[in-house]
file target_29.cif (mmCIF, C-alpha atoms)
data_coords
#
loop_
_atom_site.label_atom_id
_atom_site.label_comp_id
_atom_site.auth_asym_id
_atom_site.auth_seq_id
_atom_site.Cartn_x
_atom_site.Cartn_y
_atom_site.Cartn_z
CA MET A 1 14.59 -14.89 16.52
CA MET A 2 15.30 -12.08 14.05
CA ALA A 3 11.95 -10.47 14.84
CA ILE A 4 12.63 -10.67 18.57
CA ALA A 5 16.04 -9.06 18.11
CA ALA A 6 14.45 -6.28 16.05
CA LEU A 7 12.13 -5.41 18.94
CA SER A 8 14.92 -4.92 21.47
CA GLY A 9 15.95 -1.52 22.78
CA TRP A 10 12.81 0.43 21.85
CA THR A 11 11.53 3.45 23.75
CA SER A 12 7.82 3.89 24.49
CA GLN A 13 7.66 6.78 22.01
CA GLN A 14 9.06 4.61 19.23
CA LYS A 15 6.40 2.01 19.96
CA HIS A 16 3.66 4.66 19.77
CA VAL A 17 4.99 5.90 16.41
CA VAL A 18 4.96 2.41 14.91
CA ALA A 19 1.50 1.70 16.29
CA ALA A 20 0.09 4.97 14.93
CA SER A 21 1.63 4.54 11.47
CA PHE A 22 0.52 0.92 11.26
CA LEU A 23 -3.04 1.79 12.27
CA GLY A 24 -3.12 4.80 9.95
CA TRP A 25 -2.21 2.69 6.92
CA SER A 26 -4.42 -0.23 8.02
CA LEU A 27 -7.49 1.95 8.40
CA ASP A 28 -6.71 3.79 5.17
CA ALA A 29 -6.62 0.45 3.36
CA PHE A 30 -9.76 -0.63 5.21
CA ASP A 31 -11.61 2.38 3.81
CA PHE A 32 -10.28 1.72 0.30
CA PHE A 33 -11.10 -1.98 0.18
CA LEU A 34 -14.68 -1.56 1.37
CA LEU A 35 -15.40 -0.51 -2.21
CA VAL A 36 -14.01 -3.63 -3.90
CA PHE A 37 -16.50 -5.85 -2.08
CA VAL A 38 -19.55 -3.91 -3.26
CA LEU A 39 -18.82 -3.17 -6.92
CA LYS A 40 -21.60 -5.52 -8.02
CA ASP A 41 -24.12 -3.96 -5.61
CA ILE A 42 -23.30 -0.38 -6.60
CA ALA A 43 -23.64 -1.33 -10.26
CA ALA A 44 -27.04 -2.86 -9.55
CA GLU A 45 -28.33 0.20 -7.66
CA PHE A 46 -27.23 2.66 -10.33
CA HIS A 47 -28.23 0.34 -13.22
CA THR A 48 -24.82 0.14 -14.84
CA ASP A 49 -22.04 -2.38 -15.52
CA ILE A 50 -19.34 -3.40 -13.06
CA SER A 51 -16.65 -2.14 -15.42
CA ILE A 52 -18.16 1.37 -15.20
CA VAL A 53 -18.11 1.30 -11.40
CA THR A 54 -14.44 0.32 -11.47
CA VAL A 55 -13.76 3.86 -12.70
CA ALA A 56 -14.15 4.82 -9.02
CA ILE A 57 -11.16 2.59 -8.20
CA LEU A 58 -9.23 3.99 -11.16
CA LEU A 59 -9.73 7.59 -10.04
CA THR A 60 -8.95 6.79 -6.40
CA LEU A 61 -5.61 5.35 -7.45
CA ALA A 62 -4.98 8.06 -10.05
CA MET A 63 -5.44 10.88 -7.52
CA ARG A 64 -3.15 9.37 -4.91
CA PRO A 65 0.03 10.99 -6.36
CA VAL A 66 -1.59 14.40 -5.90
CA GLY A 67 -2.11 13.65 -2.22
CA ALA A 68 1.39 12.20 -1.85
CA PHE A 69 2.89 15.41 -3.22
CA ILE A 70 0.67 17.81 -1.26
CA PHE A 71 0.93 16.03 2.08
CA GLY A 72 4.56 15.05 1.49
CA ARG A 73 5.60 18.67 0.98
CA ALA A 74 3.60 19.62 4.06
CA ALA A 75 5.39 16.92 6.06
CA ASP A 76 8.82 18.12 4.89
CA ARG A 77 7.98 21.74 5.73
CA TRP A 78 5.76 21.53 8.83
CA GLY A 79 6.55 18.10 10.22
CA ARG A 80 5.34 14.50 9.86
CA ARG A 81 3.07 14.40 12.93
CA PRO A 82 0.60 17.26 12.23
CA THR A 83 0.42 16.32 8.55
CA LEU A 84 -0.45 12.73 9.41
CA MET A 85 -3.27 13.87 11.71
CA VAL A 86 -4.87 16.10 9.05
CA ASN A 87 -4.46 13.33 6.48
CA ILE A 88 -6.27 10.69 8.53
CA LEU A 89 -9.12 13.03 9.47
CA LEU A 90 -9.67 14.00 5.84
CA TYR A 91 -9.84 10.47 4.39
CA SER A 92 -12.22 9.39 7.17
CA ILE A 93 -14.65 12.22 6.43
CA LEU A 94 -14.61 11.54 2.68
CA GLU A 95 -15.21 7.83 3.24
CA PHE A 96 -18.24 8.60 5.40
CA ALA A 97 -19.60 11.01 2.80
CA SER A 98 -19.37 8.30 0.12
CA GLY A 99 -22.19 6.45 1.85
CA PHE A 100 -24.56 9.32 1.04
CA ALA A 101 -23.77 9.60 -2.69
CA PRO A 102 -27.07 10.18 -4.56
CA SER A 103 -25.63 9.11 -7.92
CA LEU A 104 -22.73 7.21 -9.41
CA THR A 105 -21.19 10.47 -10.62
CA VAL A 106 -21.16 11.93 -7.11
CA LEU A 107 -19.72 8.69 -5.72
CA ILE A 108 -16.92 8.73 -8.30
CA VAL A 109 -16.08 12.36 -7.46
CA LEU A 110 -15.97 11.54 -3.74
CA ARG A 111 -13.72 8.55 -4.39
CA ALA A 112 -11.37 10.75 -6.42
CA LEU A 113 -11.14 13.20 -3.49
CA TYR A 114 -10.65 10.26 -1.16
CA GLY A 115 -7.73 9.22 -3.36
CA VAL A 116 -6.03 12.56 -2.65
CA ALA A 117 -6.33 11.98 1.10
CA MET A 118 -5.32 8.32 0.85
CA GLY A 119 -2.29 9.21 -1.25
CA GLY A 120 -0.68 11.23 1.49
CA GLU A 121 -0.89 8.77 4.36
CA TRP A 122 1.60 6.11 3.28
CA GLY A 123 4.57 8.37 2.58
CA VAL A 124 4.13 10.53 5.67
CA GLY A 125 3.57 7.56 7.99
CA ALA A 126 6.46 5.57 6.52
CA SER A 127 8.94 8.45 6.81
CA LEU A 128 7.86 9.20 10.39
CA THR A 129 8.31 5.53 11.30
CA MET A 130 11.62 4.83 9.55
CA GLU A 131 13.20 8.01 10.93
CA THR A 132 12.13 7.16 14.49
CA ILE A 133 12.85 3.44 14.99
CA PRO A 134 16.26 1.84 15.70
CA PRO A 135 18.11 1.11 12.41
CA HIS A 136 18.36 -2.63 13.18
CA ALA A 137 14.56 -2.85 13.27
CA ARG A 138 13.89 -1.35 9.84
CA GLY A 139 13.37 -4.60 7.95
CA PHE A 140 10.93 -6.03 10.47
CA VAL A 141 9.03 -2.75 10.87
CA SER A 142 8.88 -2.30 7.11
CA GLY A 143 7.13 -5.65 6.82
CA LEU A 144 4.90 -4.80 9.76
CA LEU A 145 4.00 -1.39 8.37
CA GLN A 146 3.21 -2.71 4.92
CA SER A 147 1.17 -5.53 6.44
CA GLY A 148 -1.17 -2.76 7.50
CA TYR A 149 -2.45 -2.81 3.93
CA PRO A 150 -3.68 -6.42 3.99
CA THR A 151 -4.77 -5.86 7.60
CA GLY A 152 -7.11 -3.18 6.30
CA TYR A 153 -8.32 -5.58 3.63
CA PHE A 154 -8.76 -8.19 6.35
CA LEU A 155 -10.92 -5.84 8.41
CA ALA A 156 -12.95 -4.87 5.35
CA SER A 157 -13.57 -8.53 4.55
CA ILE A 158 -14.87 -9.12 8.09
CA VAL A 159 -17.19 -6.13 7.88
CA TYR A 160 -18.43 -7.32 4.49
CA GLY A 161 -18.97 -10.91 5.61
CA VAL A 162 -20.70 -9.98 8.88
CA LEU A 163 -22.42 -6.63 8.39
CA PHE A 164 -23.15 -6.25 4.68
CA PRO A 165 -26.45 -8.19 4.72
CA TYR A 166 -27.70 -5.74 7.36
CA ILE A 167 -26.20 -2.36 6.42
CA GLY A 168 -25.77 -2.61 2.63
CA TRP A 169 -23.08 -0.89 0.60
CA ARG A 170 -23.90 2.58 1.93
CA GLY A 171 -23.54 1.43 5.53
CA MET A 172 -20.16 -0.09 4.64
CA PHE A 173 -18.84 3.35 3.74
CA MET A 174 -20.33 4.95 6.85
CA VAL A 175 -18.39 2.50 9.01
CA GLY A 176 -15.29 3.98 7.37
CA VAL A 177 -15.45 7.08 9.56
CA ILE A 178 -13.99 5.12 12.51
CA PRO A 179 -10.32 5.89 11.62
CA ALA A 180 -10.91 9.54 12.59
CA LEU A 181 -10.55 8.44 16.22
CA LEU A 182 -6.88 7.63 15.56
CA VAL A 183 -6.13 11.35 15.41
CA LEU A 184 -6.76 11.59 19.15
CA TYR A 185 -4.20 8.85 19.82
CA ILE A 186 -1.57 10.52 17.64
CA ARG A 187 -2.13 13.91 19.25
CA ARG A 188 -1.59 12.46 22.72
CA ASN A 189 1.16 9.87 22.23
CA VAL A 190 3.15 10.36 19.01
CA PRO A 191 6.20 12.70 18.89
CA GLU A 192 7.65 14.40 15.83
CA SER A 193 10.35 12.61 13.84
CA PRO A 194 13.83 13.13 15.34
CA SER A 195 15.29 13.40 11.82
CA TRP A 196 12.93 16.13 10.59
CA ASN A 197 14.54 19.53 10.48
CA ARG A 198 12.71 22.42 8.85
CA GLU A 199 15.80 24.61 8.71
CA ALA A 200 17.78 21.89 6.92
CA ALA A 201 15.02 21.47 4.34
CA VAL A 202 15.00 25.21 3.63
CA GLU A 203 18.80 25.30 3.44
CA LYS A 204 18.81 22.51 0.83
CA GLY A 205 16.50 24.51 -1.41
CA GLY A 206 13.18 22.86 -0.62
CA THR A 207 11.54 19.62 -1.68
CA LEU A 208 11.22 20.46 -5.39
CA ALA A 209 14.91 21.30 -5.73
CA VAL A 210 15.94 18.07 -3.99
CA LEU A 211 13.63 15.95 -6.14
CA LYS A 212 14.87 17.64 -9.31
CA SER A 213 18.48 16.85 -8.45
CA HIS A 214 17.64 13.13 -8.08
CA TRP A 215 15.33 12.69 -11.07
CA ARG A 216 17.05 9.53 -12.36
CA LEU A 217 16.51 7.73 -9.08
CA GLY A 218 12.95 9.01 -9.02
CA LEU A 219 12.22 7.77 -12.53
CA TYR A 220 13.54 4.30 -11.73
CA ALA A 221 11.53 4.18 -8.50
CA VAL A 222 8.32 5.20 -10.31
CA VAL A 223 8.73 2.43 -12.88
CA LEU A 224 9.41 -0.09 -10.13
CA MET A 225 6.40 1.08 -8.12
CA THR A 226 4.19 0.88 -11.21
CA ALA A 227 5.02 -2.80 -11.49
CA PHE A 228 4.52 -3.28 -7.75
CA ASN A 229 1.10 -1.66 -7.85
CA PHE A 230 -0.01 -3.79 -10.77
CA PHE A 231 1.16 -6.73 -8.66
CA SER A 232 -0.92 -5.84 -5.61
CA HIS A 233 -4.02 -4.37 -7.24
CA GLY A 234 -3.91 -6.98 -9.99
CA THR A 235 -4.23 -9.75 -7.39
CA GLN A 236 -6.62 -8.00 -4.97
CA ASP A 237 -9.09 -5.53 -6.43
CA LEU A 238 -11.16 -7.85 -8.61
CA TYR A 239 -10.61 -11.06 -6.66
CA PRO A 240 -13.87 -10.70 -4.67
CA THR A 241 -15.70 -10.01 -7.95
CA PHE A 242 -14.02 -13.09 -9.46
CA LEU A 243 -15.31 -15.20 -6.57
CA GLN A 244 -18.80 -13.68 -6.74
CA VAL A 245 -19.34 -13.67 -10.50
CA GLU A 246 -17.34 -16.62 -11.81
CA HIS A 247 -17.76 -18.99 -8.86
CA LYS A 248 -21.14 -17.73 -7.57
CA LEU A 249 -19.94 -17.67 -3.96
CA SER A 250 -22.04 -16.01 -1.25
CA PRO A 251 -20.93 -12.86 0.60
CA HIS A 252 -20.13 -15.02 3.62
CA ALA A 253 -17.91 -17.38 1.59
CA VAL A 254 -16.17 -14.48 -0.15
CA GLY A 255 -15.55 -12.85 3.22
CA ILE A 256 -14.00 -16.03 4.65
CA ILE A 257 -11.67 -16.48 1.67
CA ALA A 258 -10.67 -12.80 1.88
CA VAL A 259 -9.83 -13.24 5.56
CA ILE A 260 -7.68 -16.26 4.71
CA TYR A 261 -5.69 -14.59 1.96
CA ASN A 262 -5.13 -11.46 4.01
CA ILE A 263 -3.69 -13.56 6.82
CA GLY A 264 -1.27 -14.89 4.21
CA ALA A 265 -0.47 -11.34 3.13
CA ILE A 266 0.28 -10.22 6.69
CA CYS A 267 2.54 -13.22 7.33
CA GLY A 268 4.39 -12.78 4.04
CA GLY A 269 5.01 -9.07 4.54
CA ILE A 270 6.42 -9.46 8.03
CA LEU A 271 8.53 -12.52 7.13
CA PHE A 272 10.20 -11.11 4.02
CA GLY A 273 10.59 -7.66 5.56
CA THR A 274 12.44 -9.25 8.47
CA LEU A 275 14.54 -11.46 6.19
CA SER A 276 15.58 -8.42 4.15
CA GLU A 277 17.54 -7.15 7.16
CA ARG A 278 19.80 -10.18 6.84
CA PHE A 279 19.77 -11.06 3.14
CA GLY A 280 19.27 -7.65 1.55
CA ARG A 281 16.30 -5.72 0.17
CA ARG A 282 16.69 -6.62 -3.50
CA ARG A 283 17.34 -10.31 -3.03
CA CYS A 284 14.23 -10.81 -0.90
CA ILE A 285 12.02 -8.83 -3.30
CA ILE A 286 13.16 -10.95 -6.24
CA VAL A 287 12.68 -14.26 -4.44
CA SER A 288 9.23 -13.36 -3.19
CA ALA A 289 8.02 -12.08 -6.57
CA LEU A 290 9.20 -15.18 -8.44
CA LEU A 291 7.65 -17.52 -5.87
CA SER A 292 4.24 -16.21 -6.94
CA LEU A 293 4.55 -17.75 -10.42
CA PRO A 294 3.96 -21.42 -9.53
CA VAL A 295 1.01 -20.37 -7.34
CA ILE A 296 -0.97 -18.76 -10.17
CA PRO A 297 -2.73 -21.91 -11.50
CA LEU A 298 -4.01 -22.82 -8.03
CA TRP A 299 -5.03 -19.22 -7.32
CA ALA A 300 -6.81 -18.37 -10.56
CA PHE A 301 -8.03 -21.66 -12.06
CA SER A 302 -9.13 -23.86 -9.14
CA ASN A 303 -12.75 -24.96 -9.02
CA SER A 304 -13.44 -25.57 -5.33
CA PRO A 305 -13.64 -22.90 -2.61
CA ALA A 306 -11.06 -24.77 -0.53
CA LEU A 307 -8.44 -24.79 -3.30
CA LEU A 308 -9.20 -21.18 -4.16
CA ALA A 309 -8.63 -20.24 -0.52
CA ILE A 310 -5.28 -22.07 -0.43
CA GLY A 311 -4.18 -20.50 -3.69
CA ALA A 312 -5.24 -17.04 -2.52
CA PHE A 313 -3.36 -17.46 0.78
CA LEU A 314 -0.15 -18.43 -1.01
CA MET A 315 -0.51 -15.72 -3.67
CA GLN A 316 -0.91 -12.92 -1.16
CA PHE A 317 1.89 -14.39 0.99
CA THR A 318 4.27 -13.87 -1.94
CA VAL A 319 2.81 -10.62 -3.26
CA GLN A 320 2.86 -8.88 0.10
CA GLY A 321 6.14 -10.58 0.92
CA ALA A 322 7.73 -8.49 -1.82
CA TRP A 323 5.72 -5.44 -0.77
CA GLY A 324 6.83 -5.80 2.86
CA ILE A 325 10.28 -4.55 1.86
CA VAL A 326 9.07 -1.49 -0.04
CA PRO A 327 8.69 1.00 2.87
CA VAL A 328 12.24 0.55 4.12
CA HIS A 329 13.71 0.23 0.60
CA LEU A 330 12.22 3.51 -0.62
CA ASN A 331 12.99 5.40 2.58
CA GLU A 332 16.63 4.28 2.55
CA LEU A 333 16.98 5.37 -1.09
CA SER A 334 15.29 8.72 -0.44
CA PRO A 335 17.14 12.05 -0.15
CA ASP A 336 17.10 13.10 3.51
CA THR A 337 15.37 16.46 3.13
CA ALA A 338 12.65 15.04 0.87
CA ARG A 339 11.88 11.83 2.76
CA GLY A 340 8.37 13.04 3.56
CA THR A 341 7.72 13.46 -0.18
CA PHE A 342 9.97 11.13 -2.21
CA PRO A 343 8.77 7.66 -1.08
CA GLY A 344 5.10 8.63 -1.16
CA VAL A 345 5.27 10.40 -4.53
CA VAL A 346 7.09 7.62 -6.39
CA TYR A 347 4.83 5.01 -4.77
CA GLN A 348 1.67 6.90 -5.68
CA LEU A 349 2.85 7.76 -9.19
CA GLY A 350 3.23 4.02 -9.61
CA ASN A 351 -0.38 3.80 -8.44
CA LEU A 352 -1.35 6.37 -11.06
CA PHE A 353 0.11 4.35 -13.90
CA ALA A 354 -1.37 1.15 -12.47
CA SER A 355 -4.76 2.73 -11.82
CA VAL A 356 -6.13 1.24 -15.03
CA ASN A 357 -5.71 -2.24 -13.57
CA ALA A 358 -9.30 -2.93 -12.42
CA THR A 359 -10.82 -1.55 -15.62
CA LEU A 360 -8.22 -3.40 -17.71
CA GLN A 361 -8.83 -6.72 -15.98
CA ALA A 362 -12.61 -6.28 -16.19
CA ALA A 363 -12.28 -5.60 -19.92
CA ILE A 364 -10.06 -8.66 -20.45
CA ALA A 365 -12.53 -10.82 -18.54
CA SER A 366 -15.43 -9.45 -20.57
CA HIS A 367 -13.58 -10.08 -23.84
CA PHE A 368 -13.05 -13.72 -22.89
CA GLY A 369 -16.64 -14.37 -21.87
CA GLY A 370 -16.42 -13.36 -18.22
CA ASN A 371 -13.19 -15.26 -17.52
CA TYR A 372 -11.87 -13.25 -14.57
CA GLY A 373 -9.41 -16.01 -13.69
CA LEU A 374 -7.57 -15.53 -16.97
CA ALA A 375 -7.46 -11.76 -16.53
CA LEU A 376 -6.02 -12.12 -13.03
CA ALA A 377 -3.41 -14.66 -14.12
CA VAL A 378 -2.15 -12.65 -17.10
CA VAL A 379 -1.51 -9.51 -15.06
CA ALA A 380 -0.07 -11.24 -11.99
CA GLY A 381 2.34 -13.44 -13.94
CA SER A 382 3.60 -10.62 -16.16
CA VAL A 383 4.34 -8.12 -13.43
CA ALA A 384 6.00 -10.69 -11.15
CA VAL A 385 8.68 -11.18 -13.82
CA VAL A 386 8.97 -7.44 -14.45
CA ILE A 387 9.47 -6.73 -10.72
CA ALA A 388 12.23 -9.33 -10.50
CA LEU A 389 14.05 -7.84 -13.50
CA LEU A 390 13.71 -4.22 -12.40
CA THR A 391 14.87 -5.02 -8.88
CA ALA A 392 17.86 -6.99 -10.17
CA VAL A 393 19.21 -4.00 -12.13
CA GLY A 394 18.64 -1.56 -9.25
CA THR A 395 20.55 -0.75 -6.09
CA GLU A 396 19.84 -0.44 -2.39
CA ALA A 397 21.06 1.51 0.65
CA LYS A 398 20.40 -0.96 3.45
CA GLY A 399 21.48 0.35 6.84
CA ILE A 400 22.09 3.97 5.86
CA VAL A 401 22.07 6.48 8.73
CA PHE A 402 19.24 8.97 8.23
CA GLY A 403 20.26 12.61 8.49
CA LYS A 404 23.57 12.03 6.69
CA ALA A 405 24.44 11.78 3.02
CA ASN A 406 22.53 9.01 1.31
CA PRO A 407 24.87 6.77 -0.69
CA ALA A 408 22.12 5.86 -3.12
CA THR A 409 21.40 9.48 -4.00
CA SER A 410 24.60 11.44 -3.47
CA GLN A 411 26.83 9.26 -5.68
CA PRO A 412 29.72 8.37 -3.32
CA PRO A 413 32.72 6.27 -4.29
CA ARG A 414 31.64 2.89 -5.59
CA GLU A 415 33.15 0.94 -2.72
CA LYS A 416 30.84 2.69 -0.24
CA MET A 417 27.67 1.71 -1.98
CA VAL A 418 25.55 -0.84 -0.12
CA ARG A 419 24.81 -3.53 -2.66
CA SER A 420 23.44 -6.97 -2.01
CA PRO A 421 23.54 -9.80 -4.54
CA ALA A 422 20.34 -9.89 -6.56
CA ALA A 423 19.81 -13.62 -6.33
#
call {"tool": "encode", "arguments": {"input": "target_29.cif", "output": "structure tokens"}}
result
Amino acid sequence: MMAIAALSGWTSQQKHVVAASFLGWSLDAFDFFLLVFVLKDIAAEFHTDISIVTVAILLTLAMRPVGAFIFGRAADRWGRRPTLMVNILLYSILEFASGFAPSLTVLIVLRALYGVAMGGEWGVGASLTMETIPPHARGFVSGLLQSGYPTGYFLASIVYGVLFPYIGWRGMFMVGVIPALLVLYIRRNVPESPSWNREAAVEKGGTLAVLKSHWRLGLYAVVLMTAFNFFSHGTQDLYPTFLQVEHKLSPHAVGIIAVIYNIGAICGGILFGTLSERFGRRRCIIVSALLSLPVIPLWAFSNSPALLAIGAFLMQFTVQGAWGIVPVHLNELSPDTARGTFPGVVYQLGNLFASVNATLQAAIASHFGGNYGLALAVVAGSVAVVIALLTAVGTEAKGIVFGKANPATSQPPREKMVRSPAA
């Protein structure tokens, strides 16, 4: 019922904006996750170890803050819509080029450049969406928007399970050029954000001045997003490798399990995002993160494919349940004239600090005799607790009107702050 209420009163333009932002993030994630399915195959072709190939993931994640800053500033100065179009076109071209890499070094360089393009999409798309939709729909749309990430993973798992035996790892990357077609849809149907105002941004002193004046909020958000990114990448990036190497599952079986756990991720993101509109952003993040703890043994230490699939479904339901609240939470906390930059930069800086995850987990697994399950469990369990603690000591600005003073960033009287009980 809450989801149905959230969908009421929308204009056709608002629907187009949500559709474009959802597809932009889904296809961005699709391009990213194609790599995690073929780490073993790339290592075999270039005669190296899987842990070396994971450097490509590390650099993709590490370069995302650069893209968030570049494209975020462009969105604050020249508008969300044109920036989003350039962003999508660029990451599609770089993905396609990755399929032609003649060496591992060239592939790693291309993935680093892809990280710049990928880093800009989330912040620009999220700000365009949150500034356009009705305020009562923010929680639901936040969950929907963030579910684009597992949707992309879902699509990548289908391509891997169905097409990989025929097109190989290079063909997987070439398929990644498809998102470029989304630019045509945006150009025709998506309007500019009603809250974006170039003159207001200039009057406030520009993005850098706004970010500098809110550095404490930014620092807290970066630490929180670091934990969040360890949570997502720590439960996703090496899971296909875990299934392939430790459990000797076929590409078809790995693809099926990936489809199952991404369905869980989509459901969790939408559910908890919607619930956050009623029960508060912080409370729902904390509950979702802590619910992942009892799932870890089933997810990481089961022996049968069926139990692994159930555990993976439940794990991603909780992980992406917490993540489903992030787009609206960060946008509501953001200073108005830096909303194109602030959410994306803090999110992607968190990615930068969490970019060591795949290499770290591969090293832990190698140290313990190839025990990927242990490496996955250690990271997931630790960061779930950290997220709950960091969220509990934070604040929120649920329901704030965009375009007016933000209570979370302009320090109003205490009684006007929007605070929900932590748990």
call {"tool": "resolve_selection", "arguments": {"input": "target_29.cif", "expression": "the PyMOL selection byres ((chain A and resi 78-80) around 9)", "output": "list in words"}}
result
Gly72, Arg73, Ala74, Ala75, Asp76, Arg77, Arg81, Pro82, Thr83, Leu84, Met85, Val124, Gly125, Ser127, Leu128, Glu192, Ser193, Trp196, Asn197, Arg198 and Gly340 of chain A
call {"tool": "resolve_selection", "arguments": {"input": "target_29.cif", "expression": "the PyMOL selection byres ((chain A and resi 89) around 10)", "output": "count of residues only"}}
result
18
call {"tool": "closest_residue", "arguments": {"input": "target_29.cif", "among": "A:Ile50, A:Ala397, A:Leu290, A:Arg339", "to": "Gly370 (chain A)", "atoms": "all atoms listed in the file"}}
result
A:Ile50
call {"tool": "residues_around", "arguments": {"input": "target_29.cif", "residues": "Met118 (chain A)", "least_positions_apart": "2", "cutoff": "7 Å", "atoms": "only C-alpha atoms", "output": "list in words"}}
result
Asp28, Arg64, Gly67, Tyr91, Tyr114, Gly115, Val116, Gly120 and Glu121 of chain A
call {"tool": "resolve_selection", "arguments": {"input": "target_29.cif", "expression": "the PyMOL selection byres ((chain A and resi 164-170) around 8)", "output": "count of residues only"}}
result
15
call {"tool": "residues_near_point", "arguments": {"input": "target_29.cif", "point": "(12.6, 12.0, -0.1)", "cutoff": "10 Å", "atoms": "all atoms listed in the file", "output": "VMD selection string"}}
result
chain A and resid 72 to 73 76 123 127 207 210 to 211 214 218 330 to 346 409
call {"tool": "atom_distance", "arguments": {"input": "target_29.cif", "atom1": "CA of Leu145 (chain A)", "atom2": "CA of Leu307 (chain A)"}}
result
29.0 Å
call {"tool": "closest_residue", "arguments": {"input": "target_29.cif", "among": "A:His329, A:Trp323, A:Val222, A:Thr129", "to": "Ile400 (chain A)", "atoms": "all atoms listed in the file"}}
result
A:His329
call {"tool": "atom_distance", "arguments": {"input": "target_29.cif", "atom1": "CA of Ser366 (chain A)", "atom2": "CA of Ser51 (chain A)"}}
result
9.0 Å
call {"tool": "closest_residue", "arguments": {"input": "target_29.cif", "among": "A:Arg281, A:His233, A:Arg188, A:Lys398", "to": "Leu352 (chain A)", "atoms": "all atoms listed in the file"}}
result
A:His233
call {"tool": "closest_residue", "arguments": {"input": "target_29.cif", "among": "A:Ser292, A:Gln146, A:Thr226, A:Gln236", "to": "Ala384 (chain A)", "atoms": "only C-alpha atoms"}}
result
A:Ser292
call {"tool": "atom_distance", "arguments": {"input": "target_29.cif", "atom1": "CA of Gln13 (chain A)", "atom2": "CA of Arg187 (chain A)"}}
result
12.4 Å
call {"tool": "closest_residue", "arguments": {"input": "target_29.cif", "among": "A:Thr318, A:Leu308, A:Glu45, A:Phe154", "to": "Cys284 (chain A)", "atoms": "only C-alpha atoms"}}
result
A:Thr318
call {"tool": "build_atoms", "arguments": {"input": "target_29.cif", "residues": "region 109-113 of chain A", "atoms": "all heavy atoms", "output": "short mmCIF file (atom, residue, chain, number, x, y, z; two decimals), in the coordinates of the input"}}
result
data_model
loop_
_atom_site.label_atom_id
_atom_site.label_comp_id
_atom_site.auth_asym_id
_atom_site.auth_seq_id
_atom_site.Cartn_x
_atom_site.Cartn_y
_atom_site.Cartn_z
N VAL A 109 -16.77 11.13 -7.85
CA VAL A 109 -16.08 12.36 -7.46
C VAL A 109 -15.56 12.24 -6.02
O VAL A 109 -14.42 12.60 -5.72
CB VAL A 109 -17.02 13.58 -7.58
CG1 VAL A 109 -16.38 14.81 -6.94
CG2 VAL A 109 -17.33 13.86 -9.05
N LEU A 110 -16.39 11.71 -5.13
CA LEU A 110 -15.97 11.54 -3.74
C LEU A 110 -14.80 10.57 -3.63
O LEU A 110 -13.88 10.77 -2.82
CB LEU A 110 -17.14 11.05 -2.89
CG LEU A 110 -18.21 12.09 -2.57
CD1 LEU A 110 -19.45 11.43 -1.95
CD2 LEU A 110 -17.67 13.16 -1.62
N ARG A 111 -14.82 9.51 -4.43
CA ARG A 111 -13.72 8.55 -4.39
C ARG A 111 -12.43 9.15 -4.94
O ARG A 111 -11.33 8.81 -4.50
CB ARG A 111 -14.07 7.27 -5.18
CG ARG A 111 -15.28 6.52 -4.67
CD ARG A 111 -15.29 6.35 -3.17
NE ARG A 111 -14.25 5.46 -2.69
CZ ARG A 111 -13.98 5.24 -1.43
NH1 ARG A 111 -14.68 5.84 -0.49
NH2 ARG A 111 -13.01 4.41 -1.06
N ALA A 112 -12.56 10.06 -5.91
CA ALA A 112 -11.37 10.75 -6.42
C ALA A 112 -10.77 11.64 -5.32
O ALA A 112 -9.54 11.65 -5.13
CB ALA A 112 -11.74 11.58 -7.65
N LEU A 113 -11.62 12.37 -4.59
CA LEU A 113 -11.14 13.20 -3.49
C LEU A 113 -10.55 12.33 -2.37
O LEU A 113 -9.54 12.70 -1.75
CB LEU A 113 -12.28 14.06 -2.95
CG LEU A 113 -12.82 15.13 -3.90
CD1 LEU A 113 -14.04 15.81 -3.31
CD2 LEU A 113 -11.74 16.16 -4.23
#
